[in-house]
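Below is one structure, written out as structure tokens, with a few remarks after it.
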Amino acid sequence: MRLIFGIFPLLVIPVVLYNLIALMGGGDVQTTNELGQTVQAQVAPIQGLLNERFLGLPMISGVEWILTKGDAIVLLAVTFLFLEILKSTSTGTATIVNHGISLLLFIVCLVQFLLMPNFATSTFFILMSMTLLDVLAGVIVTIVSARRDFGVGGDV
């Protein structure tokens, strides 16, 4: 189980969650205006769904703090990015495989962002940026950790 946890990039979870919402909650890119003409949508069809209320909490100041569905996905992804950076401090083979899978995840996210209308949202752009940061931070942290381990081993 630990090996699977080491290989499996946790950022796959929020990306898959977004994919499920985007592919199930679809919507058309083309809409009809008041004259009956077909027009191209200016925003992603899923944008309204992402802006829906997920959680609301009353604050001491008297206003209500509202967390949207898109914000909740980003919050989940931030948590997983933190755990991914912690995982990247190890220098085993599983970590290297994890970085490779994370790179593939970034490439898939980039293609979806550029080519699919429901993925052209700020929420998905932030998710995609997090997958890139996961790859970059993971590789850099692994290299620094390996260099430190190599330096300690060379002095003995």
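All residue names refer to the structure tokens as shown: chains lettered A, B, ... in order, residues numbered from 1 in each chain, ligands numbered from 1 in order.
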
Give me, as an MDAnalysis selection string, the residues of range 6-89 of chain A that a backbone DSSP run labels strand (DSSP E). chainID A and resid 30:32 38:40 53:58 64:68

Those same residues - N, CA and C atoms - I'd like them written as a CSV table (one decimal), in the first residue's frame.
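As a result, out-v3.csv now contains:
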chain,number,residue,atom,x,y,z
A,30,GLN,N,-22.2,26.4,-27.9
A,30,GLN,CA,-23.0,27.3,-28.8
A,30,GLN,C,-24.4,27.5,-28.1
A,31,THR,N,-24.8,28.7,-28.1
A,31,THR,CA,-26.1,29.0,-27.5
A,31,THR,C,-27.0,29.8,-28.5
A,32,THR,N,-28.2,30.0,-28.2
A,32,THR,CA,-29.1,30.8,-29.1
A,32,THR,C,-29.4,32.1,-28.4
A,38,THR,N,-27.6,31.3,-33.6
A,38,THR,CA,-26.6,30.6,-32.9
A,38,THR,C,-25.4,31.4,-32.7
A,39,VAL,N,-25.0,31.5,-31.4
A,39,VAL,CA,-23.8,32.3,-31.1
A,39,VAL,C,-22.8,31.4,-30.2
A,40,GLN,N,-21.6,31.8,-30.3
A,40,GLN,CA,-20.5,31.1,-29.5
A,40,GLN,C,-20.6,31.6,-28.1
A,53,ARG,N,-22.7,27.9,-4.8
A,53,ARG,CA,-22.4,27.8,-3.4
A,53,ARG,C,-22.2,26.3,-3.0
A,54,PHE,N,-21.0,26.1,-2.3
A,54,PHE,CA,-20.7,24.8,-1.8
A,54,PHE,C,-20.9,24.8,-0.2
A,55,LEU,N,-20.5,25.9,0.4
A,55,LEU,CA,-20.6,25.9,1.9
A,55,LEU,C,-20.7,27.4,2.2
A,56,GLY,N,-21.5,27.7,3.2
A,56,GLY,CA,-21.6,29.0,3.7
A,56,GLY,C,-21.6,29.0,5.3
A,57,LEU,N,-20.8,29.9,5.8
A,57,LEU,CA,-20.6,30.0,7.3
A,57,LEU,C,-20.8,31.5,7.7
A,58,PRO,N,-21.7,31.7,8.7
A,58,PRO,CA,-21.8,33.1,9.2
A,58,PRO,C,-20.6,33.5,10.0
A,64,GLU,N,-21.8,36.6,5.6
A,64,GLU,CA,-21.7,35.1,5.4
A,64,GLU,C,-20.5,34.9,4.5
A,65,TRP,N,-19.6,34.0,4.9
A,65,TRP,CA,-18.5,33.6,4.1
A,65,TRP,C,-19.0,32.4,3.2
A,66,ILE,N,-18.8,32.5,1.9
A,66,ILE,CA,-19.3,31.5,1.0
A,66,ILE,C,-18.1,30.9,0.2
A,67,LEU,N,-18.1,29.6,0.3
A,67,LEU,CA,-17.1,28.8,-0.5
A,67,LEU,C,-17.8,28.2,-1.7
A,68,THR,N,-17.3,28.5,-2.9
A,68,THR,CA,-18.0,27.9,-4.1
A,68,THR,C,-17.4,26.5,-4.4

Quick check for you: according to DSSP on this backbone, which residues of chain A are classed as helix (DSSP H, G or I)? Reply as a ChimeraX atom specification. /A:2-7,12-24,47-50,69-87,93-115,117-119,122-155

Using only C-alpha atoms, pick whichever of A:Ser129, A:Ser122, A:Ser145, A:Asn19 has the shortest atom-to-atom distance to Val78 in chain A. A:Ser129

Residues within 10 Å of Val43 in chain A, only C-alpha atoms, excluding chain neighbours under 5 positions, as a compact mmCIF listing (two decimals) with C-alpha atoms, in the first residue's frame:
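Listed below is the output, out_13.txt:
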# COMPACT_ATOMS: atom_id res chain seq x y z
CA VAL A 29 -20.43 25.98 -26.32
CA GLY A 48 -21.95 28.67 -13.58
CA PRO A 117 -14.24 24.42 -23.54
CA ASN A 118 -15.22 23.25 -20.02
CA ALA A 120 -10.97 26.96 -19.88
CA THR A 121 -11.76 28.19 -16.36

Can you tell me, as a CSV table (one decimal) with N, CA, C and O atoms, in the first residue's frame, what residues are no more than 9 Å from Thr95 in chain A when counting only C-alpha atoms, ignoring any on the same chain fewer than 6 positions away?
chain,number,residue,atom,x,y,z
A,6,GLY,N,3.3,6.0,-2.7
A,6,GLY,CA,4.5,6.7,-3.2
A,6,GLY,C,4.5,7.0,-4.6
A,6,GLY,O,5.0,8.0,-5.1
A,7,ILE,N,3.9,6.1,-5.4
A,7,ILE,CA,3.9,6.3,-6.9
A,7,ILE,C,2.7,7.2,-7.3
A,7,ILE,O,2.8,7.9,-8.3
A,87,LYS,N,6.1,14.3,0.1
A,87,LYS,CA,6.5,13.0,-0.5
A,87,LYS,C,7.8,13.1,-1.3
A,87,LYS,O,8.5,12.1,-1.4
A,88,SER,N,8.0,14.2,-1.9
A,88,SER,CA,9.1,14.4,-2.8
A,88,SER,C,10.5,14.4,-2.1
A,88,SER,O,11.5,14.4,-2.8
A,89,THR,N,10.5,14.5,-0.8
A,89,THR,CA,11.8,14.5,-0.1
A,89,THR,C,12.5,13.2,0.0
A,89,THR,O,13.6,13.1,0.3
A,138,GLY,N,8.9,18.9,-7.1
A,138,GLY,CA,9.3,17.5,-6.8
A,138,GLY,C,10.6,17.1,-7.3
A,138,GLY,O,11.5,16.6,-6.6
A,142,THR,N,13.9,16.5,-5.0
A,142,THR,CA,14.5,15.2,-5.1
A,142,THR,C,16.0,15.4,-5.4
A,142,THR,O,16.8,14.7,-4.9

Determine, counting only C-alpha atoms, which protein, DNA and RNA residues have an atom within 12 Å of an atom of Leu104 in chain A; residues of the same chain fewer than 2 positions away are not included. Present the result as JSON, numbers by chain. {"A": [8, 9, 11, 12, 97, 98, 99, 100, 101, 102, 106, 107, 108, 109, 110, 111, 128, 131, 132, 134, 135]}

Near Ala22 in chain A, counting only C-alpha atoms, which residues have an atom at most 9 Å away, once you skip same-chain residues fewer than 3 positions from it, shown as a list in words? Leu17, Tyr18, Asn19, Gly25, Gly26, Gly27, Pro45, Ile46, Asn118 and Phe119 of chain A

Keeping only all heavy atoms, write the selected residues to a file as a compact mmCIF listing (two decimals), in the first residue's frame.
# COMPACT_ATOMS: atom_id res chain seq x y z
N LEU A 17 -11.75 14.70 -10.19
CA LEU A 17 -13.00 15.29 -9.70
C LEU A 17 -13.49 16.39 -10.65
O LEU A 17 -14.66 16.43 -11.02
CB LEU A 17 -12.81 15.83 -8.29
CG LEU A 17 -14.00 16.52 -7.65
CD1 LEU A 17 -15.15 15.53 -7.45
CD2 LEU A 17 -13.61 17.14 -6.32
N TYR A 18 -12.58 17.27 -11.05
CA TYR A 18 -12.95 18.33 -12.00
C TYR A 18 -13.41 17.73 -13.32
O TYR A 18 -14.40 18.18 -13.92
CB TYR A 18 -11.78 19.28 -12.23
CG TYR A 18 -12.16 20.48 -13.06
CD1 TYR A 18 -12.51 21.67 -12.46
CD2 TYR A 18 -12.21 20.41 -14.46
CE1 TYR A 18 -12.89 22.77 -13.22
CE2 TYR A 18 -12.58 21.49 -15.22
CZ TYR A 18 -12.92 22.67 -14.61
OH TYR A 18 -13.31 23.74 -15.36
N ASN A 19 -12.70 16.69 -13.80
CA ASN A 19 -13.09 16.04 -15.05
C ASN A 19 -14.49 15.46 -14.97
O ASN A 19 -15.26 15.58 -15.92
CB ASN A 19 -12.08 14.94 -15.41
CG ASN A 19 -10.93 15.45 -16.23
OD1 ASN A 19 -11.04 15.55 -17.44
ND2 ASN A 19 -9.84 15.80 -15.58
N GLY A 25 -21.38 17.60 -16.17
CA GLY A 25 -22.15 18.82 -16.05
C GLY A 25 -22.10 19.67 -17.28
O GLY A 25 -22.51 20.81 -17.26
N GLY A 26 -21.52 19.16 -18.32
CA GLY A 26 -21.36 19.75 -19.64
C GLY A 26 -21.99 21.08 -19.93
O GLY A 26 -21.84 22.04 -19.21
N GLY A 27 -22.73 21.14 -20.95
CA GLY A 27 -23.27 22.38 -21.45
C GLY A 27 -22.72 22.61 -22.85
O GLY A 27 -21.67 22.09 -23.20
N PRO A 45 -18.95 26.62 -20.41
CA PRO A 45 -20.30 26.25 -19.98
C PRO A 45 -20.38 25.80 -18.52
O PRO A 45 -21.42 25.94 -17.89
CB PRO A 45 -20.65 25.08 -20.92
CG PRO A 45 -19.77 25.26 -22.10
CD PRO A 45 -18.53 25.90 -21.60
N ILE A 46 -19.30 25.33 -17.96
CA ILE A 46 -19.29 24.83 -16.59
C ILE A 46 -19.11 25.95 -15.56
O ILE A 46 -19.25 25.73 -14.36
CB ILE A 46 -18.20 23.76 -16.42
CG1 ILE A 46 -18.40 22.98 -15.14
CG2 ILE A 46 -16.83 24.37 -16.46
CD1 ILE A 46 -17.45 21.84 -14.96
N ASN A 118 -14.91 23.29 -21.45
CA ASN A 118 -15.22 23.25 -20.02
C ASN A 118 -13.97 23.32 -19.14
O ASN A 118 -14.08 23.42 -17.93
CB ASN A 118 -16.01 21.99 -19.67
CG ASN A 118 -17.49 22.20 -19.77
OD1 ASN A 118 -17.96 23.34 -19.74
ND2 ASN A 118 -18.23 21.14 -19.90
N PHE A 119 -12.81 23.25 -19.75
CA PHE A 119 -11.58 23.29 -18.98
C PHE A 119 -10.90 24.67 -19.07
O PHE A 119 -9.83 24.86 -18.50
CB PHE A 119 -10.63 22.17 -19.45
CG PHE A 119 -11.18 20.81 -19.14
CD1 PHE A 119 -12.07 20.18 -20.00
CD2 PHE A 119 -10.84 20.17 -17.97
CE1 PHE A 119 -12.59 18.94 -19.71
CE2 PHE A 119 -11.35 18.92 -17.66
CZ PHE A 119 -12.23 18.31 -18.53

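Across the model, the gap from CA of Lys69 in chain A to CA of Glu52 in chain A is 6.0 Å.
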
Considering only C-alpha atoms, state which residue in the set A:Val141, A:Thr123, A:Thr93, A:Arg147 is at the smallest distance from Ala72 in chain A.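 Checking each of A:Val141, A:Thr123, A:Thr93, A:Arg147 against Ala72 in chain A, counting only C-alpha atoms, the winner is A:Thr123.
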
Quick one, how far is CA of Phe125 in chain A from CA of Gln47 in chain A?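 CA of Gln47 in chain A lies 12.6 Å from CA of Phe125 in chain A.
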
Nearest to Leu103 in chain A: which of A:Val139, A:Ile126, A:Ala77, A:Leu20 is it, counting only C-alpha atoms?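 For Leu103 in chain A, the nearest of the candidates is A:Val139.
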
Interatomic distance, CA of Val15 in chain A to CA of Ile140 in chain A (Å, one decimal): 22.8 Å
